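A.B. asks: target-v6.cif is the file, holding mmCIF, C-alpha atoms (C1' of nucleotides):
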```
data_protein
loop_
_atom_site.label_atom_id
_atom_site.label_comp_id
_atom_site.auth_asym_id
_atom_site.auth_seq_id
_atom_site.Cartn_x
_atom_site.Cartn_y
_atom_site.Cartn_z
CA MET A 1 7.59 173.00 -42.01
CA ALA A 2 10.85 172.65 -43.89
CA THR A 3 12.48 176.02 -43.36
CA ASP A 4 14.58 176.68 -46.40
CA ASN A 5 17.51 174.38 -45.74
CA LYS A 6 19.83 176.40 -47.87
CA LEU A 7 19.59 179.20 -45.38
CA PHE A 8 20.99 177.27 -42.47
CA SER A 9 23.53 175.17 -44.22
CA GLY A 10 26.77 173.75 -43.04
CA ASN A 11 25.53 171.41 -40.36
CA THR A 12 24.56 168.52 -42.56
CA THR A 13 27.90 166.87 -41.94
CA MET A 14 27.42 167.05 -38.16
CA LEU A 15 23.94 165.55 -38.38
CA VAL A 16 25.07 162.72 -40.63
CA LEU A 17 28.05 161.92 -38.42
CA LYS A 18 25.79 161.90 -35.37
CA LEU A 19 23.53 159.28 -36.94
CA LEU A 20 26.51 157.16 -37.93
CA GLU A 21 27.88 157.39 -34.41
CA ALA A 22 24.90 155.40 -33.16
CA GLU A 23 24.78 152.86 -35.98
CA ASP A 24 26.20 152.07 -39.42
CA MET A 25 23.78 153.27 -42.07
CA TYR A 26 23.33 153.40 -45.83
CA GLY A 27 22.51 156.56 -47.72
CA TYR A 28 18.81 156.12 -48.18
CA GLN A 29 18.44 155.19 -44.53
CA ILE A 30 20.25 158.34 -43.45
CA ILE A 31 17.81 160.47 -45.42
CA GLU A 32 14.80 158.70 -43.87
CA GLU A 33 16.18 158.75 -40.32
CA LEU A 34 17.06 162.40 -40.50
CA ALA A 35 13.60 163.28 -41.79
CA LYS A 36 11.97 161.22 -39.05
CA LYS A 37 14.05 162.55 -36.16
CA SER A 38 13.70 166.13 -37.29
CA ASP A 39 9.97 165.92 -38.07
CA ASP A 40 10.73 166.57 -41.73
CA VAL A 41 12.71 169.71 -41.12
CA PHE A 42 15.71 167.99 -42.69
CA ARG A 43 14.87 166.24 -45.95
CA LEU A 44 18.20 165.77 -47.64
CA LYS A 45 18.19 165.41 -51.41
CA THR A 46 20.19 162.60 -52.89
CA GLY A 47 22.17 165.22 -54.76
CA THR A 48 23.23 166.56 -51.38
CA LEU A 49 23.89 163.40 -49.44
CA TYR A 50 25.68 161.09 -51.84
CA PRO A 51 28.37 163.56 -52.86
CA LEU A 52 28.76 164.45 -49.18
CA LEU A 53 29.28 160.80 -48.20
CA HIS A 54 31.78 160.31 -51.00
CA GLY A 55 33.70 163.31 -49.81
CA LEU A 56 33.71 162.09 -46.21
CA GLU A 57 34.96 158.70 -47.32
CA ASN A 58 37.64 160.31 -49.39
CA ASP A 59 38.77 162.27 -46.35
CA GLY A 60 38.87 159.23 -44.07
CA ILE A 61 35.93 160.36 -41.93
CA VAL A 62 33.89 157.29 -42.82
CA THR A 63 34.51 153.93 -44.48
CA SER A 64 32.00 151.95 -46.49
CA TYR A 65 31.12 148.34 -47.13
CA ASP A 66 28.47 146.62 -49.23
CA GLU A 67 25.82 144.35 -47.81
CA HIS A 68 22.61 143.03 -49.24
CA ALA A 69 19.33 143.00 -47.44
CA ASP A 70 16.95 140.00 -47.28
CA ASN A 71 16.16 140.59 -50.92
CA GLN A 72 18.91 141.03 -53.47
CA ARG A 73 19.20 144.73 -52.86
CA VAL A 74 22.77 145.89 -52.32
CA ARG A 75 23.19 148.57 -49.74
CA LYS A 76 26.30 150.62 -49.18
CA TYR A 77 26.82 151.03 -45.46
CA TYR A 78 28.90 153.82 -43.98
CA LYS A 79 30.80 153.58 -40.73
CA LEU A 80 32.46 156.29 -38.64
CA THR A 81 36.24 156.08 -38.33
CA SER A 82 38.02 157.31 -35.19
CA GLN A 83 38.92 160.38 -37.21
CA GLY A 84 35.21 160.75 -37.88
CA LYS A 85 34.44 160.60 -34.18
CA ASN A 86 36.88 163.39 -33.55
CA LEU A 87 35.38 165.47 -36.30
CA LEU A 88 31.93 164.97 -34.80
CA LYS A 89 33.14 166.24 -31.44
CA LYS A 90 34.66 169.26 -33.10
CA LYS A 91 31.48 170.01 -35.08
CA GLN A 92 29.38 169.71 -31.94
CA SER A 93 31.52 172.17 -30.08
CA GLU A 94 31.45 174.58 -33.02
CA TRP A 95 27.68 174.31 -33.19
CA LYS A 96 27.38 175.10 -29.50
CA ASN A 97 29.76 178.00 -29.89
CA TYR A 98 27.71 179.33 -32.78
CA THR A 99 24.27 178.97 -31.19
CA ASP A 100 25.57 180.53 -27.98
CA ALA A 101 26.69 183.54 -29.98
CA VAL A 102 23.34 183.77 -31.75
CA SER A 103 21.59 183.71 -28.37
CA ARG A 104 23.78 186.49 -27.05
CA VAL A 105 22.83 188.64 -30.00
CA MET A 106 19.17 187.71 -30.05
CA ASP A 107 18.24 187.91 -26.40
CA GLY A 108 21.35 188.59 -24.44
CA GLY A 109 20.82 185.26 -22.72
CA VAL A 110 22.74 182.04 -22.72
CA SER A 111 22.23 179.16 -25.06
CA HIS A 112 21.12 175.79 -23.87
CA ALA A 113 22.27 173.76 -26.83
CA PHE A 114 23.15 170.17 -26.07
CA ALA A 115 26.36 169.75 -24.12
CA MET B 1 37.20 181.51 -31.55
CA ALA B 2 35.55 182.34 -34.87
CA THR B 3 34.15 179.01 -35.95
CA ASP B 4 34.26 179.00 -39.71
CA ASN B 5 31.37 181.34 -40.46
CA LYS B 6 30.85 179.92 -43.90
CA LEU B 7 29.76 176.68 -42.35
CA PHE B 8 26.81 178.10 -40.49
CA SER B 9 25.63 180.66 -42.93
CA GLY B 10 22.20 182.01 -43.64
CA ASN B 11 21.50 183.76 -40.37
CA THR B 12 23.38 186.95 -41.01
CA THR B 13 20.22 188.66 -42.15
CA MET B 14 18.41 187.73 -38.94
CA LEU B 15 21.25 189.04 -36.78
CA VAL B 16 21.48 192.31 -38.69
CA LEU B 17 17.72 192.86 -38.55
CA LYS B 18 17.77 192.18 -34.82
CA LEU B 19 20.35 194.90 -34.25
CA LEU B 20 18.38 197.35 -36.39
CA GLU B 21 15.22 196.55 -34.44
CA ALA B 22 16.79 198.09 -31.34
CA GLU B 23 18.36 201.09 -33.03
CA ASP B 24 19.19 202.58 -36.44
CA MET B 25 22.78 201.78 -37.32
CA TYR B 26 25.33 202.34 -40.06
CA GLY B 27 27.29 199.52 -41.64
CA TYR B 28 30.53 199.85 -39.79
CA GLN B 29 28.64 200.04 -36.51
CA ILE B 30 26.74 196.85 -37.30
CA ILE B 31 30.00 195.00 -37.82
CA GLU B 32 31.41 196.27 -34.52
CA GLU B 33 28.22 195.64 -32.51
CA LEU B 34 27.85 192.13 -33.86
CA ALA B 35 31.45 191.31 -33.01
CA LYS B 36 31.04 192.72 -29.53
CA LYS B 37 27.77 191.00 -28.69
CA SER B 38 28.93 187.66 -30.05
CA ASP B 39 32.39 187.80 -28.45
CA ASP B 40 33.96 187.90 -31.90
CA VAL B 41 32.20 184.79 -33.19
CA PHE B 42 30.59 186.96 -35.86
CA ARG B 43 33.06 189.23 -37.61
CA LEU B 44 31.33 190.22 -40.80
CA LYS B 45 33.51 191.29 -43.68
CA THR B 46 32.58 194.44 -45.50
CA GLY B 47 32.24 192.33 -48.62
CA THR B 48 29.49 190.44 -46.82
CA LEU B 49 27.63 193.23 -45.09
CA TYR B 50 27.44 196.03 -47.63
CA PRO B 51 26.01 193.95 -50.46
CA LEU B 52 23.60 192.41 -47.94
CA LEU B 53 22.38 195.83 -46.80
CA HIS B 54 21.96 196.99 -50.39
CA GLY B 55 19.87 193.93 -51.13
CA LEU B 56 17.71 194.47 -48.05
CA GLU B 57 17.14 198.08 -49.03
CA ASN B 58 16.27 197.03 -52.55
CA ASP B 59 13.69 194.61 -51.16
CA GLY B 60 12.10 197.17 -48.85
CA ILE B 61 13.31 195.50 -45.65
CA VAL B 62 15.29 198.56 -44.59
CA THR B 63 15.53 202.18 -45.63
CA SER B 64 18.62 204.35 -45.38
CA TYR B 65 19.47 207.97 -44.72
CA ASP B 66 22.71 209.90 -44.49
CA GLU B 67 23.87 211.71 -41.42
CA HIS B 68 27.22 213.12 -40.44
CA ALA B 69 28.84 212.66 -37.10
CA ASP B 70 30.50 215.45 -35.11
CA ASN B 71 33.24 215.52 -37.66
CA GLN B 72 32.52 215.71 -41.39
CA ARG B 73 32.20 211.96 -41.67
CA VAL B 74 29.06 210.90 -43.50
CA ARG B 75 27.40 207.79 -42.18
CA LYS B 76 24.71 205.85 -43.94
CA TYR B 77 22.13 204.78 -41.38
CA TYR B 78 19.78 201.89 -41.94
CA LYS B 79 16.30 201.64 -40.43
CA LEU B 80 13.91 198.68 -40.27
CA THR B 81 10.66 199.04 -42.19
CA SER B 82 7.48 197.36 -40.99
CA GLN B 83 8.14 194.76 -43.66
CA GLY B 84 11.55 194.29 -42.09
CA LYS B 85 9.99 193.74 -38.68
CA ASN B 86 7.82 191.02 -40.12
CA LEU B 87 10.79 189.40 -41.82
CA LEU B 88 12.67 189.43 -38.52
CA LYS B 89 9.80 187.61 -36.81
CA LYS B 90 9.75 185.05 -39.59
CA LYS B 91 13.50 184.51 -39.43
CA GLN B 92 13.35 184.08 -35.67
CA SER B 93 10.68 181.44 -35.92
CA GLU B 94 12.63 179.64 -38.64
CA TRP B 95 15.74 179.71 -36.51
CA LYS B 96 13.88 178.21 -33.57
CA ASN B 97 12.35 175.59 -35.82
CA TYR B 98 15.78 174.73 -37.15
CA THR B 99 17.61 174.56 -33.83
CA ASP B 100 14.78 172.50 -32.34
CA ALA B 101 15.22 170.01 -35.15
CA VAL B 102 18.99 169.90 -34.63
CA SER B 103 18.42 169.23 -30.93
CA ARG B 104 16.06 166.37 -31.69
CA VAL B 105 18.68 164.77 -33.88
CA MET B 106 21.61 165.47 -31.60
CA ASP B 107 20.25 164.54 -28.21
CA GLY B 108 16.62 163.64 -28.62
CA GLY B 109 15.80 166.54 -26.32
CA VAL B 110 14.06 169.83 -26.84
CA SER B 111 15.69 173.04 -27.84
CA HIS B 112 15.73 176.04 -25.59
CA ALA B 113 16.38 178.67 -28.20
CA PHE B 114 14.96 182.09 -27.45
CA ALA B 115 11.21 182.31 -27.74
"C1'" DT C 1 55.02 211.31 -42.27
"C1'" DG C 2 53.25 207.02 -41.62
"C1'" DA C 3 50.25 203.89 -39.53
"C1'" DC C 4 45.84 202.68 -38.01
"C1'" DA C 5 40.86 203.26 -37.18
"C1'" DT C 6 36.79 204.70 -39.34
"C1'" DA C 7 33.60 204.46 -43.31
"C1'" DG C 8 31.79 202.79 -47.67
"C1'" DG C 9 32.24 200.02 -51.63
"C1'" DT C 10 32.97 196.26 -55.84
"C1'" DA C 11 34.62 191.91 -58.43
"C1'" DG C 12 35.46 187.42 -58.51
"C1'" DA C 13 36.24 182.91 -56.04
"C1'" DT C 14 34.61 179.38 -53.07
"C1'" DT C 15 31.39 176.05 -51.58
"C1'" DA C 16 27.10 173.88 -49.69
"C1'" DT C 17 22.99 172.85 -51.20
"C1'" DC C 18 19.58 172.44 -54.68
"C1'" DT C 19 17.17 170.95 -59.09
"C1'" DA C 20 17.01 167.86 -62.53
"C1'" DC C 21 18.31 163.87 -64.55
"C1'" DA C 22 19.78 158.85 -64.97
"C1'" DT C 23 19.64 153.91 -63.65
"C1'" DA C 24 17.75 149.78 -61.53
"C1'" DT C 25 15.06 146.49 -58.58
"C1'" DA C 26 11.11 145.42 -55.21
"C1'" DA C 27 6.54 145.91 -53.76
"C1'" DT C 28 1.93 147.33 -54.31
"C1'" DT C 29 -2.25 148.32 -56.61
"C1'" DG C 30 -5.70 148.59 -60.31
"C1'" DC D 1 -0.35 141.65 -65.86
"C1'" DA D 2 0.76 146.54 -66.23
"C1'" DA D 3 1.51 150.72 -64.00
"C1'" DT D 4 2.94 153.07 -60.17
"C1'" DT D 5 5.40 153.86 -56.05
"C1'" DA D 6 9.14 152.86 -52.80
"C1'" DT D 7 13.78 151.63 -52.40
"C1'" DA D 8 18.58 152.58 -53.61
"C1'" DT D 9 22.65 154.96 -55.68
"C1'" DG D 10 24.52 158.26 -58.39
"C1'" DT D 11 26.12 162.69 -61.58
"C1'" DA D 12 25.96 167.51 -63.80
"C1'" DG D 13 24.96 171.99 -63.58
"C1'" DA D 14 22.56 176.00 -61.20
"C1'" DT D 15 21.94 178.91 -57.20
"C1'" DA D 16 23.26 181.68 -53.50
"C1'" DA D 17 25.75 183.16 -49.16
"C1'" DT D 18 29.94 184.23 -47.77
"C1'" DC D 19 34.72 185.05 -48.41
"C1'" DT D 20 39.16 187.09 -50.20
"C1'" DA D 21 41.13 190.74 -52.18
"C1'" DC D 22 41.02 194.94 -53.75
"C1'" DC D 23 39.73 200.21 -54.03
"C1'" DT D 24 38.69 205.10 -52.19
"C1'" DA D 25 38.67 208.52 -48.59
"C1'" DT D 26 38.95 211.00 -43.98
"C1'" DG D 27 40.34 211.41 -38.98
"C1'" DT D 28 43.59 210.54 -35.36
"C1'" DC D 29 47.73 209.55 -33.10
"C1'" DA D 30 52.71 208.57 -32.61
#
```
Any chance you could give the structure as structure tokens?
C.D. replies:
Amino acid sequence: MATDNKLFSGNTTMLVLKLLEAEDMYGYQIIEELAKKSDDVFRLKTGTLYPLLHGLENDGIVTSYDEHADNQRVRKYYKLTSQGKNLLKKKQSEWKNYTDAVSRVMDGGVSHAFA
Amino acid sequence: MATDNKLFSGNTTMLVLKLLEAEDMYGYQIIEELAKKSDDVFRLKTGTLYPLLHGLENDGIVTSYDEHADNQRVRKYYKLTSQGKNLLKKKQSEWKNYTDAVSRVMDGGVSHAFA
DNA sequence: TGACATAGGTAGATTATCTACATATAATTG
DNA sequence: CAATTATATGTAGATAATCTACCTATGTCA
């Protein structure tokens, strides 16, 4: 399906933080998980995700640590900080606020976005 | 409230087309209607809307005609073309597709966006 | 008269994402 | 064994939607 991602931008941070809330993850894993959970609607490019992660780390939203898998591969894991958890809550409430407003315009009804 | 509009961009076209589906409108009116229906979540700037409308007209999504109100004021009304109606349908289905995917990531549940 | 609402507009900045490229190792397949 | 694909991280520059900031002009109200 892959609706043009550019046209609904701005939520990538929320989605990434949500994944990291459940479990520490490395970049490549985030891309795969997001694609899987969204049925390929979200297929982040590396040129999108890695700079985003670096920015989040720089802002204290996540921290990172290296670990290698069974093989010699080094993976850079990212972990939510408490500041990151707060940001996630804020992004969720903004998303709800936004989708509610869209619903009011589009059908006059109420939104049922996640709580 | 006004969640940072920049961070959820890309849907302005859909919202504008939806308003024009119900009724021909002029630019200033679109801004006011959108603010009203969304409880001020969407407050388009003129620098956003006018170039957008010009682009839509250029692409055959809307047509425009001048009319003056009771006073001498000239208003430029915009009207959806049949092409515009099709684009609206497409945008609506993309929006649903997108919000469904967000819901799957955020709570594993289904979206309830407008049909 | 001066301020504010109405009405339309442009130029340039900002920023999120994309495309395209670069590097390197592991696993699979012909 | 060689070639390809999957895994894994990254940067540079382009694209595009919106914003800020500005401009013009008329109508209305204090």
A.B. asks: Any idea what the distance is between atom CA of A:Arg73 and atom CA of A:Leu53?
C.D. replies: 19.5 Å
A.B. asks: Taking only C-alpha atoms (C1' of nucleotides) into account, which residues of chain C are within 10 Å of chain B, as a ChimeraX atom specification?
C.D. replies: /C:6-10,14-16
A.B. asks: Might you spell out which residues the PyMOL selection byres ((chain D) within 8 of (chain A)) would select in the displayed file, as number ranges by chain?
C.D. replies: D: 7-10
A.B. asks: So that I have them on file, write out the residues from the current selection with C-alpha atoms (C1' of nucleotides), as a PDB file, keeping the file's coordinate frame.
C.D. replies:
```pdb
ATOM      1  C1'  DT D   7      13.780 151.630 -52.400  1.00  0.00           C
ATOM      2  C1'  DA D   8      18.580 152.580 -53.610  1.00  0.00           C
ATOM      3  C1'  DT D   9      22.650 154.960 -55.680  1.00  0.00           C
ATOM      4  C1'  DG D  10      24.520 158.260 -58.390  1.00  0.00           C
TER       5       DG D  10
END
```
A.B. asks: With the file shown as input, list the residues that the PyMOL selection byres ((chain B and resi 85) around 12) selects, as a list in words.
C.D. replies: Thr13, Met14, Val16, Leu17, Lys18, Leu19, Leu20, Glu21, Ala22, Gly60, Ile61, Val62, Lys79, Leu80, Thr81, Ser82, Gln83, Gly84, Asn86, Leu87, Leu88, Lys89, Lys90, Lys91 and Gln92 of chain B
A.B. asks: Between atom C1' of C:DG2 and atom C1' of D:DT28, what distance in Å does the model show, to one decimal?
C.D. replies: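 Here the two named atoms are 12.0 Å from each other.
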A.B. asks: One decimal, in Å: what's the spacing between atom CA of B:His54 and atom CA of B:Tyr77?
C.D. replies: 11.9 Å
A.B. asks: Taking all atoms of stretch 57-64 of chain B that appear in the file, build a box with edges along x, y and z, extend it by 5 Å on every side, and state its centre and edge lengths in Å to one decimal, as JSON.
C.D. replies:
```
{"center_x": 15.4, "center_y": 199.5, "center_z": -48.6, "size_x": 16.5, "size_y": 19.7, "size_z": 18.0}
```
A.B. asks: So, with all atoms listed in the file as the atoms that count, which of D:DC29, D:DA6, D:DA21, D:DA12 lies closest to C:DT25?
C.D. replies: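 Of D:DC29, D:DA6, D:DA21, D:DA12, the one nearest C:DT25 is D:DA6, counting all atoms listed in the file.
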A.B. asks: May I have the residues at most 8 Å from (30.4, 187.0, -48.6) in the file's coordinates, counting all atoms listed in the file, as a PyMOL selection string?
C.D. replies: (chain B and resi 45+47-49) or (chain D and resi 17-19)
A.B. asks: For B:Leu52, which residue among B:Ile30, B:Asn97, B:Asp24, B:Ser103 is the nearest when counting all atoms listed in the file?
C.D. replies: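 So, comparing all the options, the nearest one is B:Ile30.
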